[in-house]
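Dropping run.cif in here (mmCIF, C-alpha atoms):
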```
data_work
#
loop_
_atom_site.label_atom_id
_atom_site.label_comp_id
_atom_site.auth_asym_id
_atom_site.auth_seq_id
_atom_site.Cartn_x
_atom_site.Cartn_y
_atom_site.Cartn_z
CA MET A 8 -13.43 18.15 -27.40
CA THR A 9 -14.15 18.69 -23.72
CA ALA A 10 -13.70 21.92 -21.83
CA THR A 11 -10.76 20.53 -19.91
CA GLN A 12 -8.94 19.49 -23.05
CA SER A 13 -9.42 22.88 -24.59
CA ASP A 14 -7.63 24.38 -21.61
CA LEU A 15 -4.46 22.81 -22.90
CA ASP A 16 -2.63 24.55 -25.71
CA ARG A 17 -2.51 21.95 -28.48
CA ASN A 18 1.11 22.89 -29.10
CA LEU A 19 2.01 21.59 -25.65
CA ILE A 20 0.63 18.11 -26.27
CA ILE A 21 3.27 15.44 -26.82
CA LYS A 22 0.92 12.51 -27.27
CA GLU A 23 -2.62 11.57 -26.41
CA GLU A 24 -4.59 8.39 -26.39
CA THR A 25 -8.11 7.31 -25.48
CA ILE A 26 -8.22 4.25 -23.24
CA PRO A 27 -11.47 2.28 -23.61
CA GLY A 28 -13.38 1.05 -20.57
CA GLY A 29 -11.87 -2.19 -19.28
CA ALA A 30 -8.53 -1.67 -21.03
CA TYR A 31 -5.03 -1.20 -19.64
CA TRP A 32 -2.37 1.25 -20.78
CA SER A 33 1.21 1.89 -19.85
CA SER A 34 3.73 4.51 -20.82
CA ALA A 35 7.02 6.01 -19.77
CA ILE A 36 6.62 9.67 -18.76
CA ARG A 37 9.82 11.70 -18.85
CA ARG A 38 10.85 13.79 -15.83
CA GLY A 39 9.33 17.25 -16.16
CA THR A 40 6.48 16.11 -18.41
CA THR A 41 2.92 16.04 -17.11
CA LEU A 42 0.39 13.30 -17.71
CA ARG A 43 -3.20 14.52 -17.73
CA ILE A 44 -5.78 11.80 -17.19
CA ILE A 45 -9.28 12.94 -18.10
CA ALA A 46 -12.62 11.27 -17.48
CA PRO A 47 -14.71 12.85 -20.29
CA GLU A 48 -17.79 10.83 -19.31
CA GLY A 49 -16.95 10.46 -15.62
CA SER A 50 -15.22 7.51 -13.99
CA ARG A 51 -15.85 4.98 -11.23
CA GLY A 52 -12.18 4.24 -10.83
CA VAL A 53 -8.90 3.90 -12.67
CA ALA A 54 -6.33 1.69 -10.98
CA CYS A 55 -2.77 2.98 -11.19
CA LEU A 56 0.72 1.64 -10.51
CA CYS A 57 4.01 3.42 -11.17
CA TYR A 58 7.70 2.68 -11.20
CA ASN A 59 11.03 4.36 -11.77
CA ALA A 60 11.27 3.82 -15.54
CA ASP A 61 15.06 3.63 -15.34
CA ASN A 62 15.05 0.98 -12.61
CA SER A 63 11.71 -0.67 -11.92
CA ILE A 64 12.78 -2.13 -8.58
CA GLU A 65 11.93 1.35 -7.27
CA ARG A 66 8.15 1.59 -7.24
CA PHE A 67 5.07 3.32 -5.89
CA ASN A 68 4.56 2.73 -2.19
CA ALA A 69 1.03 3.46 -1.01
CA ALA A 70 1.86 3.15 2.69
CA ASP A 71 4.82 5.55 2.48
CA THR A 72 2.77 7.98 0.38
CA ALA A 73 0.02 7.89 3.01
CA LYS A 74 2.08 8.14 6.17
CA ILE A 75 4.55 10.76 4.92
CA GLN A 76 1.59 13.02 4.06
CA PHE A 77 -0.67 11.87 6.91
CA SER A 78 -3.43 11.01 4.44
CA ALA A 79 -4.87 7.81 3.02
CA PHE A 80 -6.35 9.78 0.11
CA LEU A 81 -4.61 12.00 -2.43
CA LYS A 82 -5.49 15.37 -3.92
CA LYS A 83 -3.93 18.45 -5.51
CA GLY A 84 -0.70 19.58 -3.87
CA MET A 85 0.28 16.11 -2.71
CA VAL A 86 2.89 13.84 -4.27
CA ILE A 87 3.22 10.15 -5.02
CA TYR A 88 6.23 8.59 -3.31
CA SER A 89 8.34 5.62 -4.30
CA ASP A 90 9.64 3.11 -1.76
CA MET A 91 13.04 4.83 -1.95
CA GLY A 92 12.05 8.13 -0.34
CA ARG A 93 11.75 9.86 -3.72
CA VAL A 94 8.91 11.49 -5.60
CA LEU A 95 7.45 9.77 -8.65
CA PHE A 96 4.67 12.25 -9.47
CA SER A 97 3.38 15.59 -8.20
CA ILE A 98 -0.38 16.14 -8.33
CA THR A 99 -0.28 19.62 -9.84
CA GLU A 100 -3.98 19.82 -10.77
CA ASP A 101 -6.97 17.79 -9.71
CA THR A 102 -10.63 18.57 -10.21
CA CYS A 103 -11.85 15.41 -8.49
CA GLY A 104 -10.33 15.92 -5.03
CA CYS A 105 -10.02 12.38 -3.79
CA HIS A 106 -8.04 9.37 -4.88
CA ASP A 107 -7.99 6.20 -2.81
CA MET A 108 -4.99 4.15 -1.64
CA LEU A 109 -6.77 1.63 0.61
CA GLY A 110 -9.20 -0.27 -1.61
CA GLY A 111 -6.77 -2.13 -3.88
CA CYS A 112 -7.68 -3.39 -7.33
CA SER A 113 -10.48 -5.41 -8.84
CA ASN A 114 -9.91 -9.08 -9.56
CA LEU A 115 -11.87 -12.10 -10.74
CA ALA A 116 -13.51 -12.46 -7.32
CA SER A 117 -14.59 -8.83 -6.98
CA ASN A 118 -15.94 -8.95 -10.55
CA ALA A 119 -18.30 -11.79 -9.63
CA LYS A 120 -20.99 -9.17 -8.94
CA TYR A 121 -21.26 -8.59 -12.68
CA GLY A 122 -22.45 -12.15 -13.31
CA GLU A 123 -21.59 -14.20 -16.38
CA GLY A 124 -19.54 -12.49 -19.03
CA ASP A 125 -16.13 -11.23 -20.05
CA PHE A 126 -15.44 -8.38 -17.63
CA ARG A 127 -11.82 -7.34 -17.42
CA ASN A 128 -10.30 -6.69 -14.00
CA SER A 129 -7.36 -4.60 -12.84
CA ARG A 130 -5.34 -7.42 -11.32
CA ASP A 131 -5.20 -9.29 -14.62
CA ASN A 132 -4.70 -6.04 -16.52
CA PHE A 133 -1.71 -5.17 -14.32
CA SER A 134 -0.25 -8.65 -14.86
CA LEU A 135 -0.55 -8.34 -18.63
CA ALA A 136 0.79 -4.80 -18.82
CA LEU A 137 3.75 -5.64 -16.59
CA THR A 138 4.56 -8.93 -18.30
CA LYS A 139 5.01 -7.02 -21.56
CA ARG A 140 7.72 -5.03 -19.81
CA ASN A 141 9.44 -8.08 -18.37
CA LEU A 142 7.87 -7.41 -14.98
CA GLY A 143 5.33 -9.63 -13.24
CA LYS A 144 3.09 -10.37 -10.27
CA GLN A 145 5.97 -9.68 -7.87
CA ASP A 146 5.83 -6.09 -9.06
CA ILE A 147 2.14 -5.53 -8.34
CA MET A 148 2.13 -3.52 -5.12
CA PRO A 149 -1.00 -2.09 -3.49
CA ASN A 150 -2.25 0.40 -6.06
CA LEU A 151 -3.67 3.88 -6.27
CA ASN A 152 -7.30 4.30 -7.35
CA LEU A 153 -7.90 7.51 -9.27
CA PHE A 154 -11.28 9.27 -9.32
CA THR A 155 -12.89 7.39 -6.43
CA ARG A 156 -13.63 8.10 -2.83
CA VAL A 157 -13.90 5.62 0.01
CA THR A 158 -14.57 6.43 3.65
CA VAL A 159 -13.12 4.94 6.81
CA GLU A 160 -15.76 4.88 9.54
CA PRO A 161 -14.77 5.37 13.20
CA ASN A 162 -14.75 1.60 13.80
CA GLY A 163 -12.42 1.05 10.84
CA ASN A 164 -15.04 -0.05 8.34
CA LEU A 165 -14.02 0.84 4.80
CA VAL A 166 -17.04 1.82 2.74
CA TRP A 167 -17.69 3.08 -0.76
CA ALA A 168 -18.58 6.76 -0.95
CA GLU A 169 -20.75 7.64 -3.92
CA LYS A 170 -18.55 10.52 -4.96
CA THR A 171 -16.80 9.68 -8.18
CA ALA A 172 -15.33 11.65 -11.06
CA GLN A 173 -17.89 13.62 -13.04
CA SER A 174 -17.74 14.33 -16.77
CA GLY A 175 -14.58 16.28 -17.53
CA ASP A 176 -12.82 15.72 -14.22
CA PHE A 177 -9.09 15.31 -14.61
CA ILE A 178 -5.84 14.95 -12.71
CA ASP A 179 -2.41 16.25 -13.74
CA LEU A 180 0.57 14.13 -12.71
CA ARG A 181 3.91 15.85 -13.22
CA ALA A 182 6.69 13.27 -13.48
CA GLU A 183 9.52 14.04 -11.06
CA MET A 184 11.68 11.19 -12.34
CA ASN A 185 11.31 9.11 -15.48
CA VAL A 186 8.18 7.20 -14.53
CA LEU A 187 6.64 4.04 -15.94
CA ILE A 188 2.91 4.31 -15.29
CA VAL A 189 0.36 1.52 -15.70
CA LEU A 190 -3.35 2.33 -15.79
CA SER A 191 -6.24 -0.13 -15.67
CA ASN A 192 -9.57 1.42 -16.63
CA CYS A 193 -11.80 -0.86 -14.56
CA PRO A 194 -14.27 0.11 -11.81
CA HIS A 195 -13.05 0.33 -8.21
CA PRO A 196 -13.53 -3.05 -6.48
CA LEU A 197 -15.85 -1.52 -3.87
CA ASP A 198 -18.08 0.09 -6.50
CA PRO A 199 -21.46 -1.52 -5.76
CA ASN A 200 -22.84 -0.82 -9.24
CA PRO A 201 -23.79 -4.28 -10.59
CA VAL A 202 -23.55 -3.07 -14.18
CA TYR A 203 -20.05 -3.22 -15.66
CA ASP A 204 -19.78 -0.04 -17.67
CA PRO A 205 -16.37 1.67 -17.35
CA LYS A 206 -16.21 4.78 -19.52
CA PRO A 207 -13.27 5.69 -21.75
CA ILE A 208 -10.57 7.93 -20.31
CA GLN A 209 -7.98 10.07 -22.05
CA ALA A 210 -4.28 10.14 -21.30
CA ILE A 211 -2.43 13.21 -22.52
CA ALA A 212 1.28 13.75 -22.01
CA TRP A 213 2.07 17.45 -22.28
CA ASN A 214 4.96 19.85 -21.90
CA SER A 215 4.17 21.50 -18.58
CA PRO A 216 6.03 24.59 -17.34
CA GLU A 217 9.11 24.22 -15.18
CA PRO A 218 8.21 24.35 -11.50
CA THR A 219 8.96 27.69 -9.85
CA GLU A 220 10.61 28.08 -6.47
CA HIS A 221 7.12 28.51 -4.99
CA ASP A 222 5.77 25.35 -6.61
CA LEU A 223 2.88 24.04 -4.49
CA CYS A 224 3.89 20.39 -4.53
CA ARG A 225 7.60 20.99 -4.02
CA THR A 226 7.10 23.27 -1.00
CA ALA A 227 3.98 21.89 0.69
CA ASN A 228 5.72 20.61 3.84
CA PRO A 229 9.20 19.85 5.24
CA GLN A 230 8.82 16.19 4.30
CA VAL A 231 8.30 16.85 0.61
CA ILE A 232 11.21 19.28 0.50
CA ARG A 233 13.39 16.40 1.67
CA GLY A 234 11.66 14.04 -0.76
CA PHE A 235 12.63 16.34 -3.62
CA GLN A 236 16.18 16.66 -2.29
CA ASN A 237 16.40 12.86 -2.54
CA THR A 238 14.81 12.90 -6.00
CA ASP A 239 16.74 15.74 -7.56
CA ALA A 240 20.02 14.26 -6.31
CA VAL A 241 19.59 11.43 -8.81
CA PHE A 242 19.59 13.89 -11.71
CA ILE A 243 22.52 16.12 -10.75
CA MET B 27 -15.10 -4.89 15.01
CA THR B 28 -12.81 -4.60 18.02
CA MET B 29 -12.95 -7.71 20.19
CA THR B 30 -10.69 -9.82 22.34
CA THR B 31 -10.82 -13.49 23.28
CA THR B 32 -9.29 -15.74 25.91
CA ALA B 33 -6.14 -17.75 25.37
CA THR B 34 -6.43 -21.53 25.52
CA LEU B 35 -3.02 -22.66 24.28
CA ASP B 36 -0.61 -24.01 26.93
CA PRO B 37 2.93 -22.61 26.55
CA LYS B 38 4.33 -25.83 28.06
CA LEU B 39 3.12 -27.73 24.97
CA ALA B 40 4.73 -25.37 22.46
CA ILE B 41 7.21 -26.74 19.89
CA TYR B 42 9.07 -23.41 19.68
CA ASP B 43 9.46 -20.61 22.19
CA ARG B 44 12.01 -17.83 22.01
CA VAL B 45 12.48 -14.17 22.68
CA LEU B 46 13.38 -12.01 19.69
CA SER B 47 15.59 -9.14 20.73
CA ALA B 48 14.64 -5.55 20.06
CA ARG B 49 15.39 -4.34 16.49
CA LYS B 50 15.96 -7.85 15.07
CA PRO B 51 14.58 -9.82 12.08
CA TRP B 52 13.09 -13.32 12.21
CA SER B 53 11.62 -15.77 9.71
CA ARG B 54 10.26 -19.30 9.80
CA VAL B 55 7.79 -21.50 7.95
CA ILE B 56 4.64 -21.98 10.04
CA GLU B 57 3.17 -25.24 8.79
CA LYS B 58 -0.48 -25.53 7.91
CA GLY B 59 -2.45 -25.98 11.12
CA GLN B 60 0.26 -24.63 13.42
CA THR B 61 -0.35 -21.51 15.49
CA LEU B 62 2.15 -18.67 15.88
CA ARG B 63 1.80 -16.46 18.94
CA ILE B 64 3.43 -13.03 19.06
CA VAL B 65 3.73 -11.53 22.54
CA ASP B 66 4.37 -7.82 22.98
CA LEU B 67 6.43 -8.30 26.14
CA GLY B 68 7.03 -4.65 26.99
CA GLY B 69 3.92 -3.12 25.41
CA ASN B 70 3.62 -0.65 22.52
CA GLN B 71 6.12 -2.54 20.36
CA ALA B 72 5.30 -2.55 16.64
CA VAL B 73 5.91 -5.93 14.99
CA ASP B 74 6.18 -5.62 11.21
CA PHE B 75 4.91 -8.80 9.62
CA LEU B 76 4.91 -10.29 6.11
CA VAL B 77 3.68 -13.73 5.05
CA TYR B 78 4.22 -15.77 1.89
CA ASN B 79 2.85 -19.07 0.65
CA ALA B 80 5.90 -21.25 1.39
CA ASP B 81 5.01 -23.50 -1.57
CA ASP B 82 4.48 -20.64 -4.06
CA ARG B 83 6.14 -17.45 -2.94
CA ILE B 84 4.56 -15.28 -5.63
CA ASP B 85 1.40 -15.89 -3.58
CA ARG B 86 1.86 -13.39 -0.76
CA TYR B 87 0.08 -11.21 1.78
CA SER B 88 -2.10 -8.49 0.32
CA ALA B 89 -3.22 -5.67 2.60
CA PRO B 90 -5.99 -4.40 0.27
CA ASP B 91 -7.41 -7.89 -0.32
CA THR B 92 -7.43 -8.52 3.43
CA ILE B 93 -9.11 -5.17 4.10
CA ARG B 94 -11.76 -5.69 1.41
CA ALA B 95 -12.55 -9.25 2.49
CA GLN B 96 -13.63 -8.05 5.94
CA GLY B 97 -14.65 -4.51 5.00
CA ASN B 98 -12.44 -3.05 7.73
CA ILE B 99 -8.92 -1.63 7.81
CA PHE B 100 -7.92 -3.15 11.18
CA ILE B 101 -6.66 -6.65 11.94
CA THR B 102 -8.16 -8.42 14.96
CA THR B 103 -9.68 -11.72 16.10
CA GLY B 104 -11.39 -13.39 13.16
CA THR B 105 -9.42 -11.57 10.49
CA LYS B 106 -8.35 -13.79 7.63
CA LEU B 107 -5.08 -12.73 6.04
CA TYR B 108 -5.58 -12.90 2.27
CA SER B 109 -2.96 -13.28 -0.43
CA ASN B 110 -2.76 -11.37 -3.69
CA ASN B 111 -4.24 -14.46 -5.37
CA GLY B 112 -7.24 -14.46 -3.07
CA ASN B 113 -6.12 -17.33 -0.83
CA VAL B 114 -6.55 -17.35 2.95
CA MET B 115 -3.04 -17.62 4.41
CA MET B 116 -3.58 -17.27 8.15
CA THR B 117 -6.43 -16.57 10.57
CA VAL B 118 -6.19 -14.40 13.66
CA THR B 119 -7.62 -16.74 16.30
CA HIS B 120 -6.89 -14.69 19.41
CA ASP B 121 -6.05 -11.05 20.07
CA THR B 122 -5.81 -9.29 23.41
CA CYS B 123 -4.75 -5.95 21.93
CA GLY B 124 -7.92 -5.21 19.98
CA ARG B 125 -6.70 -3.95 16.65
CA HIS B 126 -3.60 -3.90 14.49
CA ASP B 127 -2.57 -1.81 11.50
CA THR B 128 -2.09 -2.79 7.88
CA SER B 129 -2.10 0.67 6.26
CA GLY B 130 1.11 2.23 7.56
CA GLY B 131 3.66 -0.08 5.94
CA ALA B 132 7.22 -0.56 7.13
CA CYS B 133 9.77 2.05 8.04
CA SER B 134 12.76 2.26 5.75
CA CYS B 135 16.00 4.22 5.78
CA GLU B 136 14.75 6.11 2.75
CA SER B 137 11.29 6.98 4.05
CA ASN B 138 12.83 7.89 7.42
CA SER B 139 15.01 10.42 5.60
CA VAL B 140 11.87 12.09 4.23
CA ARG B 141 9.75 11.84 7.36
CA PHE B 142 12.26 12.76 10.03
CA GLY B 143 15.37 14.31 8.45
CA LEU B 144 17.98 13.40 5.86
CA ASP B 145 20.42 12.32 8.59
CA LYS B 146 17.92 9.70 9.80
CA LYS B 147 18.63 7.49 6.81
CA TRP B 148 21.55 5.98 8.70
CA GLN B 149 19.26 4.55 11.36
CA HIS B 150 18.16 0.93 11.37
CA ALA B 151 14.72 0.26 9.82
CA CYS B 152 12.22 -2.51 9.21
CA VAL B 153 12.91 -2.78 5.48
CA GLU B 154 16.55 -3.56 6.36
CA ASN B 155 15.32 -6.37 8.61
CA PHE B 156 12.89 -7.68 5.99
CA LEU B 157 15.54 -7.74 3.26
CA TYR B 158 18.02 -9.42 5.61
CA ALA B 159 15.50 -12.14 6.44
CA LEU B 160 14.22 -12.57 2.87
CA LYS B 161 17.68 -13.12 1.40
CA ASP B 162 18.02 -16.32 3.44
CA HIS B 163 15.05 -17.65 1.48
CA GLY B 164 16.44 -16.62 -1.89
CA MET B 165 14.13 -13.61 -2.00
CA GLY B 166 14.75 -9.88 -2.35
CA LYS B 167 13.33 -6.43 -2.77
CA ARG B 168 10.84 -7.47 -5.46
CA ASP B 169 9.28 -9.66 -2.79
CA MET B 170 8.60 -6.77 -0.46
CA THR B 171 4.97 -5.79 -0.21
CA SER B 172 2.78 -3.83 2.17
CA ASN B 173 2.85 -5.46 5.60
CA ILE B 174 0.93 -5.79 8.85
CA ASN B 175 2.05 -3.86 11.93
CA PHE B 176 0.94 -5.84 14.93
CA PHE B 177 0.48 -3.78 18.09
CA MET B 178 0.77 -0.52 16.11
CA ASN B 179 -1.98 2.09 16.33
CA VAL B 180 -2.78 3.92 13.08
CA PRO B 181 -6.25 5.46 13.19
CA VAL B 182 -7.68 6.75 9.91
CA SER B 183 -10.36 9.42 10.11
CA GLN B 184 -13.29 9.84 7.73
CA ASP B 185 -11.44 12.50 5.75
CA GLY B 186 -8.51 10.12 5.32
CA THR B 187 -6.18 11.66 7.90
CA LEU B 188 -3.78 8.92 8.95
CA GLU B 189 -1.16 9.04 11.66
CA ILE B 190 0.92 6.66 13.74
CA VAL B 191 0.00 7.52 17.32
CA ASP B 192 0.52 6.20 20.84
CA GLY B 193 -0.04 2.48 21.08
CA ILE B 194 -2.96 0.66 22.70
CA SER B 195 -0.96 -2.50 23.37
CA ASP B 196 -0.35 -3.32 27.04
CA PRO B 197 2.70 -5.31 28.18
CA GLY B 198 2.00 -8.99 27.50
CA SER B 199 -0.48 -8.36 24.70
CA ILE B 200 -0.94 -11.42 22.51
CA VAL B 201 -1.93 -12.16 18.94
CA ASP B 202 -2.36 -15.77 17.73
CA LEU B 203 -2.24 -16.67 14.05
CA ARG B 204 -3.23 -20.09 12.71
CA ALA B 205 -1.57 -21.03 9.43
CA GLU B 206 -4.12 -22.09 6.80
CA ILE B 207 -1.31 -22.94 4.35
CA ASN B 208 2.40 -23.58 4.81
CA ALA B 209 3.21 -19.96 5.60
CA LEU B 210 6.63 -18.34 5.43
CA VAL B 211 6.42 -15.62 8.07
CA VAL B 212 8.95 -12.78 8.07
CA ILE B 213 9.08 -10.39 11.02
CA SER B 214 10.92 -7.20 11.82
CA ASN B 215 10.86 -6.24 15.48
CA CYS B 216 10.57 -2.56 14.62
CA PRO B 217 13.60 -0.38 15.48
CA GLN B 218 11.90 2.97 14.79
CA MET B 219 13.03 5.69 17.22
CA ASN B 220 11.36 8.76 15.72
CA ASN B 221 7.67 8.26 16.45
CA PRO B 222 5.50 6.65 19.16
CA CYS B 223 5.08 3.26 17.41
CA ASN B 224 7.54 1.69 19.85
CA GLY B 225 7.13 4.22 22.65
CA TYR B 226 10.54 5.58 21.54
CA ASP B 227 12.10 2.48 23.10
CA PRO B 228 12.18 -0.73 20.98
CA THR B 229 11.75 -3.81 23.15
CA PRO B 230 11.92 -7.62 22.75
CA ILE B 231 8.98 -9.78 21.69
CA GLN B 232 8.25 -13.46 22.28
CA LEU B 233 7.43 -15.92 19.50
CA ILE B 234 5.73 -19.23 20.35
CA ILE B 235 4.57 -21.98 17.99
CA TRP B 236 2.18 -24.85 18.63
CA ASP B 237 1.40 -27.82 16.46
CA GLU B 238 -2.18 -28.24 15.33
CA VAL B 239 -4.45 -28.90 18.29
#
```

Could you express the structure from this file as structure tokens?
Amino acid sequence: MTATQSDLDRNLIIKEETIPGGAYWSSAIRRGTTLRIIAPEGSRGVACLCYNADNSIERFNAADTAKIQFSAFLKKGMVIYSDMGRVLFSITEDTCGCHDMLGGCSNLASNAKYGEGDFRNSRDNFSLALTKRNLGKQDIMPNLNLFTRVTVEPNGNLVWAEKTAQSGDFIDLRAEMNVLIVLSNCPHPLDPNPVYDPKPIQAIAWNSPEPTEHDLCRTANPQVIRGFQNTDAVFI
Amino acid sequence: MTMTTTATLDPKLAIYDRVLSARKPWSRVIEKGQTLRIVDLGGNQAVDFLVYNADDRIDRYSAPDTIRAQGNIFITTGTKLYSNNGNVMMTVTHDTCGRHDTSGGACSCESNSVRFGLDKKWQHACVENFLYALKDHGMGKRDMTSNINFFMNVPVSQDGTLEIVDGISDPGSIVDLRAEINALVVISNCPQMNNPCNGYDPTPIQLIIWDEV
């Protein structure tokens, strides 16, 4: 058991699962529940998509999430927006500090650097995970990359920054509606490491406390206050 | 990365030439080999742009694949627009503006309500235009994806700070796109009134098409 896991009272844990390197995983996370994603051995990227579990036509929108919060990268205190002006997840804890929304997901072409072999990629993983839920390629929007940092240089060049999740890093995502999340545990497509060696990650759904009136994510800026007004209105 | 080139296409030889009014949608199949020119007539007018493989519409523009292919977040001369399946859809053959955005996405009634005030959700928005245009092709919201914003200025700093700021597009700025496949192009002439992307005054654009030269 890692230090981060032991921080969680076992009685709060609803379910937990270890996701091997290269695998995909999807789950519905009920509003008010928090999903902790841990990288016990570090991580060079976990690709993530999410949807309104009650109506999957509403989905994660990277561009809206970036421009509403004036940031192409995500960290603690920020939220993940849908394309309907509502909040899917709040980032209530985050020991890594940077999650990318520009780099997209790995595919057969970006995996060519690994040479011959059976190396799973996030694009195909997303397709498989979504097909099992009667969704498909039309539902693969630009994704979020957990645990990785990229840098935009002054001329617009997008480069890999060697600053990835270390052993035990984790992120807490508090569901603000009923969320369908899809994770693909494959390296970020810009990761230059020629050795394909994604480490296992843990996904733990746990009963997190009710947000207070001073909740960081719900009060961070005027925009998010309105985002939560839109979100909470669905559940009145 | 930023560069501009000189126009060589003669407007008198165009097969299509029209002005698209401010705030309006537009769509058309640009056949393989044809060139589409978008002219920012008044300057600083964001043109939201999506493209689909007309022969397989699941194959569609992908902002991250386009960014990764060139290692740069801006669109300019030489940029190849990639699809989600890794196919080159169009090539930017000429650009007098210098750089265009593909990180900021489209404005929507819903995101406007969050960004600018709940009452702003009644204003017209690019997603409305996109959906209006897509329905004529039997397509819908599932077909929406992250778009290009021609003539829109969205710098991203090294720490990730991203903001839509004053434009760098002069009146008469041009971008030319050569179709590398039969390309269904869908455009929203952006109606946004709440930030500088249209200089707070949406204006018409001109759309010109040439056959393969």

For this session: Could you expand the PyMOL selection byres ((chain B) within 6 of (chain A)) into the explicit residues it covers here, written as a PyMOL selection string?
Result: chain B and resi 90+97-99+129-131+136-137+140-141+168+184+186-189

For this session: Could you tell me how far CA of Glu23 in chain A lies from CA of Ala210 in chain A, in Å and to one decimal?
Result: 5.6 Å

Exercise. Within 8 Å of range 217-223 of chain A, counting all atoms listed in the file, which residues qualify if same-chain residues fewer than 4 places away don't, as number ranges by chain?
Worked result: A: 39, 84, 99, 227

Exercise. Any idea what the distance is between CA of Lys22 in chain A and CA of Ser174 in chain A?
Worked result: 21.5 Å

Exercise. Can you list, as number ranges by chain, the residues that the PyMOL selection byres ((chain B and resi 157) around 10) selects here?
Worked result: B: 51, 152-156, 158-162, 165-170, 212, 214

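Across the model, the gap from CA of Asn214 in chain A to CA of Asp61 in chain A is 20.2 Å.
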
Exercise. So, counting all atoms listed in the file, which residue among A:Gly52, A:Glu183, A:Glu123, A:Asp198 is closest to Val86 in chain A?
Worked result: A:Glu183
